[in-house]
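File shown here: work32.pdb, holding PDB, C-alpha atoms.
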ATOM      1  CA  MET A   1      78.131  96.774 124.415
ATOM      2  CA  ASP A   2      80.607  99.597 124.966
ATOM      3  CA  ALA A   3      84.082  99.284 126.497
ATOM      4  CA  HIS A   4      82.889 100.425 129.949
ATOM      5  CA  ASN A   5      80.218  97.707 130.157
ATOM      6  CA  ALA A   6      82.374  95.000 128.571
ATOM      7  CA  VAL A   7      82.700  91.748 130.466
ATOM      8  CA  THR A   8      86.231  90.744 131.479
ATOM      9  CA  VAL A   9      87.723  87.477 130.288
ATOM     10  CA  GLU A  10      87.499  86.046 133.810
ATOM     11  CA  GLN A  11      83.837  87.037 134.148
ATOM     12  CA  ALA A  12      83.007  85.615 130.713
ATOM     13  CA  ALA A  13      84.753  82.314 131.544
ATOM     14  CA  ALA A  14      82.903  82.117 134.876
ATOM     15  CA  ASN A  15      79.585  82.842 133.128
ATOM     16  CA  CYS A  16      80.237  80.065 130.611
ATOM     17  CA  ALA A  17      81.124  77.604 133.379
ATOM     18  CA  ALA A  18      78.018  78.598 135.344
ATOM     19  CA  GLU A  19      75.829  78.115 132.256
ATOM     20  CA  ILE A  20      77.200  74.601 131.768
ATOM     21  CA  ALA A  21      76.674  73.762 135.455
ATOM     22  CA  TYR A  22      73.133  75.183 135.310
ATOM     23  CA  TRP A  23      72.113  73.099 132.298
ATOM     24  CA  ARG A  24      73.780  69.969 133.699
ATOM     25  CA  GLU A  25      71.728  70.356 136.894
ATOM     26  CA  VAL A  26      68.520  71.148 134.933
ATOM     27  CA  ARG A  27      68.997  67.912 132.995
ATOM     28  CA  GLY A  28      69.825  66.006 136.205
ATOM     29  CA  ILE A  29      73.162  64.748 134.936
ATOM     30  CA  LEU A  30      76.168  64.187 137.201
ATOM     31  CA  LYS A  31      79.563  65.553 136.177
ATOM     32  CA  LYS A  32      80.915  62.067 135.616
ATOM     33  CA  ALA A  33      77.987  61.120 133.380
ATOM     34  CA  LEU A  34      78.268  64.360 131.409
ATOM     35  CA  ALA A  35      81.974  63.740 130.877
ATOM     36  CA  GLU A  36      81.266  60.249 129.538
ATOM     37  CA  LEU A  37      78.522  61.530 127.219
ATOM     38  CA  MET A  38      80.814  64.289 125.901
ATOM     39  CA  GLY A  39      83.933  62.122 125.622
ATOM     40  CA  PHE A  40      85.941  64.014 128.259
ATOM     41  CA  HIS A  41      87.636  62.886 131.443
ATOM     42  CA  PRO A  42      85.425  63.501 134.525
ATOM     43  CA  SER A  43      88.064  65.707 136.157
ATOM     44  CA  TYR A  44      88.033  67.998 133.117
ATOM     45  CA  VAL A  45      84.332  68.750 133.549
ATOM     46  CA  SER A  46      84.929  69.468 137.231
ATOM     47  CA  LEU A  47      87.904  71.746 136.485
ATOM     48  CA  MET A  48      85.880  73.517 133.801
ATOM     49  CA  GLU A  49      82.907  74.175 136.066
ATOM     50  CA  SER A  50      85.133  75.348 138.916
ATOM     51  CA  GLY A  51      86.877  77.861 136.643
ATOM     52  CA  ARG A  52      90.330  76.313 136.865
ATOM     53  CA  HIS A  53      90.196  75.512 133.127
ATOM     54  CA  LYS A  54      89.038  78.022 130.535
ATOM     55  CA  PRO A  55      86.321  76.959 128.099
ATOM     56  CA  THR A  56      87.255  75.705 124.656
ATOM     57  CA  ALA A  57      85.134  75.783 121.532
ATOM     58  CA  ASP A  58      85.112  71.977 121.389
ATOM     59  CA  PHE A  59      83.993  71.631 125.007
ATOM     60  CA  ALA A  60      81.281  74.282 124.636
ATOM     61  CA  ARG A  61      80.002  72.724 121.408
ATOM     62  CA  ARG A  62      79.816  69.242 122.924
ATOM     63  CA  ALA A  63      78.179  70.550 126.126
ATOM     64  CA  GLU A  64      75.621  72.447 124.047
ATOM     65  CA  GLU A  65      74.763  69.330 122.016
ATOM     66  CA  THR A  66      74.725  66.967 124.991
ATOM     67  CA  LEU A  67      72.696  69.190 127.319
ATOM     68  CA  ASN A  68      70.416  70.571 124.578
ATOM     69  CA  ALA A  69      70.691  74.070 126.086
ATOM     70  CA  GLY A  70      69.051  76.005 123.239
ATOM     71  CA  LYS A  71      72.340  77.703 122.259
ATOM     72  CA  ALA A  72      72.715  79.243 125.756
ATOM     73  CA  ILE A  73      76.088  77.570 126.378
ATOM     74  CA  TRP A  74      77.301  78.475 122.904
ATOM     75  CA  ARG A  75      76.324  82.141 123.420
ATOM     76  CA  ARG A  76      78.258  82.212 126.722
ATOM     77  CA  TRP A  77      81.275  80.687 125.004
ATOM     78  CA  ASN A  78      81.044  83.346 122.232
ATOM     79  CA  ASP A  79      80.954  86.043 124.951
ATOM     80  CA  TYR A  80      84.109  84.505 126.441
ATOM     81  CA  GLU A  81      85.829  84.354 123.055
ATOM     82  CA  THR A  82      84.896  87.988 122.322
ATOM     83  CA  ALA A  83      86.304  89.121 125.691
ATOM     84  CA  ARG A  84      89.473  87.094 125.144
ATOM     85  CA  THR A  85      89.985  88.561 121.674
ATOM     86  CA  ARG A  86      89.350  92.079 122.963
ATOM     87  CA  GLN A  87      91.876  91.578 125.775
ATOM     88  CA  THR A  88      94.497  90.171 123.388
ATOM     89  CA  THR A  89      93.998  93.064 120.969
ATOM     90  CA  ALA A  90      94.200  95.637 123.774
ATOM     91  CA  ALA A  91      97.357  94.024 125.163
ATOM     92  CA  ALA A  92      99.000  94.022 121.740
ATOM     93  CA  ALA A  93      98.138  97.709 121.250
ATOM     94  CA  ALA A  94      99.508  98.607 124.706
ATOM     95  CA  VAL A  95     102.922  97.005 124.119
ATOM     96  CA  PRO A  96     105.302  99.548 122.591
ATOM     97  CA  ALA A  97     107.221  98.453 119.546
ATOM     98  CA  SER A  98     110.642  97.161 120.508
ATOM     99  CA  ARG A  99     113.612  99.154 119.353
ATOM    100  CA  PRO A 100     115.974  97.384 116.986
ATOM    101  CA  THR A 101     119.192  96.217 118.642
ATOM    102  CA  GLU A 102     121.249  96.265 115.498
ATOM    103  CA  GLN A 103     123.794  98.948 114.843
ATOM    104  CA  PRO A 104     122.807 101.849 112.599
ATOM    105  CA  TYR A 105     124.039 101.858 109.038
ATOM    106  CA  ALA A 106     124.018 104.266 106.154
ATOM    107  CA  THR A 107     120.944 104.516 103.986
ATOM    108  CA  GLY A 108     121.215 102.170 101.038
ATOM    109  CA  SER A 109     123.776  99.988 102.792
ATOM    110  CA  ALA A 110     123.089  96.307 102.763
ATOM    111  CA  ILE A 111     125.884  95.048 105.037
ATOM    112  CA  VAL A 112     125.931  95.384 108.821
ATOM    113  CA  VAL A 113     129.120  94.499 110.716
ATOM    114  CA  GLU A 114     127.844  92.768 113.840
ATOM    115  CA  HIS A 115     131.232  91.771 115.251
ATOM    116  CA  ASP A 116     134.764  92.808 114.343
ATOM    117  CA  ALA A 117     137.964  91.251 115.751
ATOM    118  CA  ALA A 118     141.512  91.868 114.555
ATOM    119  CA  ARG A 119     144.866  90.492 115.674
ATOM    120  CA  LEU A 120     148.360  91.503 114.579
ATOM    121  CA  ASP A 121     151.327  89.227 115.297
ATOM    122  CA  TYR A 122     155.018  89.863 114.593
ATOM    123  CA  ASP A 123     157.400  86.889 114.347
ATOM    124  CA  GLY A 124     160.600  88.973 114.157
ATOM    125  CA  SER A 125     160.590  89.465 110.415
ATOM    126  CA  LEU A 126     156.967  89.406 109.283
ATOM    127  CA  TYR A 127     153.666  90.777 110.537
ATOM    128  CA  ARG A 128     150.672  88.479 110.378
ATOM    129  CA  LEU A 129     147.257  90.110 110.448
ATOM    130  CA  THR A 130     144.130  88.099 111.231
ATOM    131  CA  MET A 131     140.837  89.859 110.696
ATOM    132  CA  ARG A 132     137.432  88.331 111.447
ATOM    133  CA  ARG A 133     134.092  90.012 110.876
ATOM    134  CA  LEU A 134     130.566  88.783 111.363
ATOM    135  CA  LEU A 135     128.555  90.402 108.596
ATOM    136  CA  ARG A 136     124.816  90.455 108.022
ATOM    137  CA  ASN A 137     123.230  91.192 104.679
ATOM    138  CA  THR A 138     120.235  93.434 105.407
ATOM    139  CA  GLY A 139     119.510  94.096 101.750
ATOM    140  CA  THR A 140     117.726  91.957  99.228
ATOM    141  CA  ALA A 141     120.575  91.444  96.746
ATOM    142  CA  PRO A 142     123.287  88.842  97.420
ATOM    143  CA  ILE A 143     126.731  90.149  98.418
ATOM    144  CA  THR A 144     129.422  88.826  96.083
ATOM    145  CA  ARG A 145     132.377  90.997  97.201
ATOM    146  CA  TYR A 146     133.293  92.778 100.395
ATOM    147  CA  LEU A 147     136.417  94.907 100.159
ATOM    148  CA  ILE A 148     138.273  96.154 103.224
ATOM    149  CA  ARG A 149     141.266  98.430 103.811
ATOM    150  CA  ILE A 150     143.645  97.596 106.620
ATOM    151  CA  SER A 151     146.140 100.076 108.013
ATOM    152  CA  VAL A 152     148.781  99.074 110.560
ATOM    153  CA  ASP A 153     150.940 101.772 112.140
ATOM    154  CA  ARG A 154     152.182 100.279 115.463
ATOM    155  CA  TYR A 155     154.049  97.231 116.743
ATOM    156  CA  PRO A 156     151.767  94.630 118.287
ATOM    157  CA  GLY A 157     151.809  94.802 122.060
ATOM    158  CA  ASP A 158     153.697  98.105 122.120
ATOM    159  CA  PRO A 159     151.751 100.966 120.553
ATOM    160  CA  SER A 160     154.492 103.479 121.412
ATOM    161  CA  VAL A 161     156.912 102.024 118.807
ATOM    162  CA  PRO A 162     156.046 103.026 115.228
ATOM    163  CA  MET A 163     156.052 100.338 112.585
ATOM    164  CA  PRO A 164     158.912 100.602 110.075
ATOM    165  CA  THR A 165     157.828 101.629 106.592
ATOM    166  CA  SER A 166     159.707  98.671 105.129
ATOM    167  CA  GLY A 167     157.844  96.119 107.271
ATOM    168  CA  ARG A 168     155.889  93.583 105.296
ATOM    169  CA  ILE A 169     152.415  92.388 106.168
ATOM    170  CA  ARG A 170     151.486  88.896 105.207
TER     171      ARG A 170
END
Could I get this structure in the form of structure tokens?
Amino acid sequence: MDAHNAVTVEQAAANCAAEIAYWREVRGILKKALAELMGFHPSYVSLMESGRHKPTADFARRAEETLNAGKAIWRRWNDYETARTRQTTAAAAAVPASRPTEQPYATGSAIVVEHDAARLDYDGSLYRLTMRRLLRNTGTAPITRYLIRISVDRYPGDPSVPMPTSGRIR
């Protein structure tokens, strides 16, 4: 069967449900009795035949055994499963690969800085620098050291005033 003549998932499910209903009527069994014989709730058989529930392998297998349909129900279920698999595969192929949201980094680098926050406070005699970074190791080797260089050249809160060269950072 080529792609143009392929049965849709909905058509295959309806065909399977119709096959079950056909064989139930041929055997002269009511929905409630079939449900009891198969070990299902009566409403499930009704929902299955009406198309509101999709067929399952377990349901199709039990219906096939109970109604002795000569593999007709099982073939319809296989048609449904083939259509479902084809649809899932086609949908997966149609979805473009998502672009990574992480920031770019140099080739060979194993650390990505995902968040960087710095704060510089001056208490009148000393500067206090607080630096926080959220790092992610994208490589395979563990990171044992991460060295940073910090340069401060302005007063906190007033970037127009240069920092004295004798100021100490703690």
Which residue, A:Arg76, A:Thr140, A:Thr130, A:Ala118, has the smallest gap to Val7 in chain A when you use all atoms listed in the file?
->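 Using all atoms listed in the file, Val7 in chain A sits closest to A:Arg76.
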Have a look at A:Arg24, A:Arg62, A:Arg136, A:Arg52 and name the one nearest to Phe40 in chain A; count all atoms listed in the file.
-> A:Arg62
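For Glu81 in chain A, the set of protein, DNA and RNA residues having any atom at most 12 Å away, when counting all atoms listed in the file and skipping those fewer than 2 positions along the same chain, is Val7, Thr8, Val9, Glu10, Gln11, Ala12, Ala13, Asn15, Cys16, Lys54, Pro55, Thr56, Ala57, Ala60, Trp74, Arg75, Arg76, Trp77, Asn78, Asp79, Ala83, Arg84, Thr85, Arg86, Gln87 and Thr88 of chain A.
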Considering all atoms listed in the file, state which residue in the set A:Thr144, A:Thr138, A:Thr89, A:Asn68 is at the smallest distance from Val26 in chain A.
->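 Ranked by minimum distance to Val26 in chain A, first place goes to A:Asn68.
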CA of Ser43 in chain A to CA of Ile73 in chain A, distance in Å rounded to a single decimal =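 Answer for the CA of Ser43 in chain A to CA of Ile73 in chain A separation: 19.5 Å.
In this model, the gap between CA of Ala35 in chain A and CA of Tyr22 in chain A comes to 15.1 Å.
Comparing the minimum interatomic distances between Gly70 in chain A and each of A:Leu30, A:Ile20, A:Leu129, A:Ala117, counting all atoms listed in the file, we find that A:Ile20 sits nearest.
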Grab all the atoms of range 71-85 of chain A that the file lists, wrap them in a box along x, y and z, add 8 Å per side, and give me centre plus edge lengths in Å (one decimal) as lines of an AutoDock Vina configuration file.
center_x = 81.2
center_y = 83.3
center_z = 124.2
size_x = 33.6
size_y = 27.6
size_z = 21.0
May I have the residues at most 6 Å from (128.4, 88.7, 111.7) in the file's coordinates, counting all atoms listed in the file, as a short mmCIF file (atom, residue, chain, number, x, y, z; two decimals) with C-alpha atoms, in the coordinates of the input?
data_model
loop_
_atom_site.label_atom_id
_atom_site.label_comp_id
_atom_site.auth_asym_id
_atom_site.auth_seq_id
_atom_site.Cartn_x
_atom_site.Cartn_y
_atom_site.Cartn_z
CA VAL A 113 129.12 94.50 110.72
CA GLU A 114 127.84 92.77 113.84
CA HIS A 115 131.23 91.77 115.25
CA ARG A 133 134.09 90.01 110.88
CA LEU A 134 130.57 88.78 111.36
CA LEU A 135 128.56 90.40 108.60
CA ARG A 136 124.82 90.46 108.02
#
Between A:Tyr127, A:Trp23, A:Ala91, A:Ile111, single out the one closest to Ala141 in chain A, counting only C-alpha atoms.
->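 Looking at the shortest contact to Ala141 in chain A, the residue is A:Ile111.
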Tell me, as a PyMOL selection string, which residues lie within 10 Å of Ser50 in chain A, counting only C-alpha atoms; anything in the same chain fewer than 2 positions away does not count.
-> chain A and resi 14+17-18+21+44-48+52-54
Please, what distance in Å, to one decimal, runs between CA of Gly51 in chain A and CA of Gly28 in chain A?
->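 Value for the CA of Gly51 in chain A-CA of Gly28 in chain A distance: 20.8 Å.
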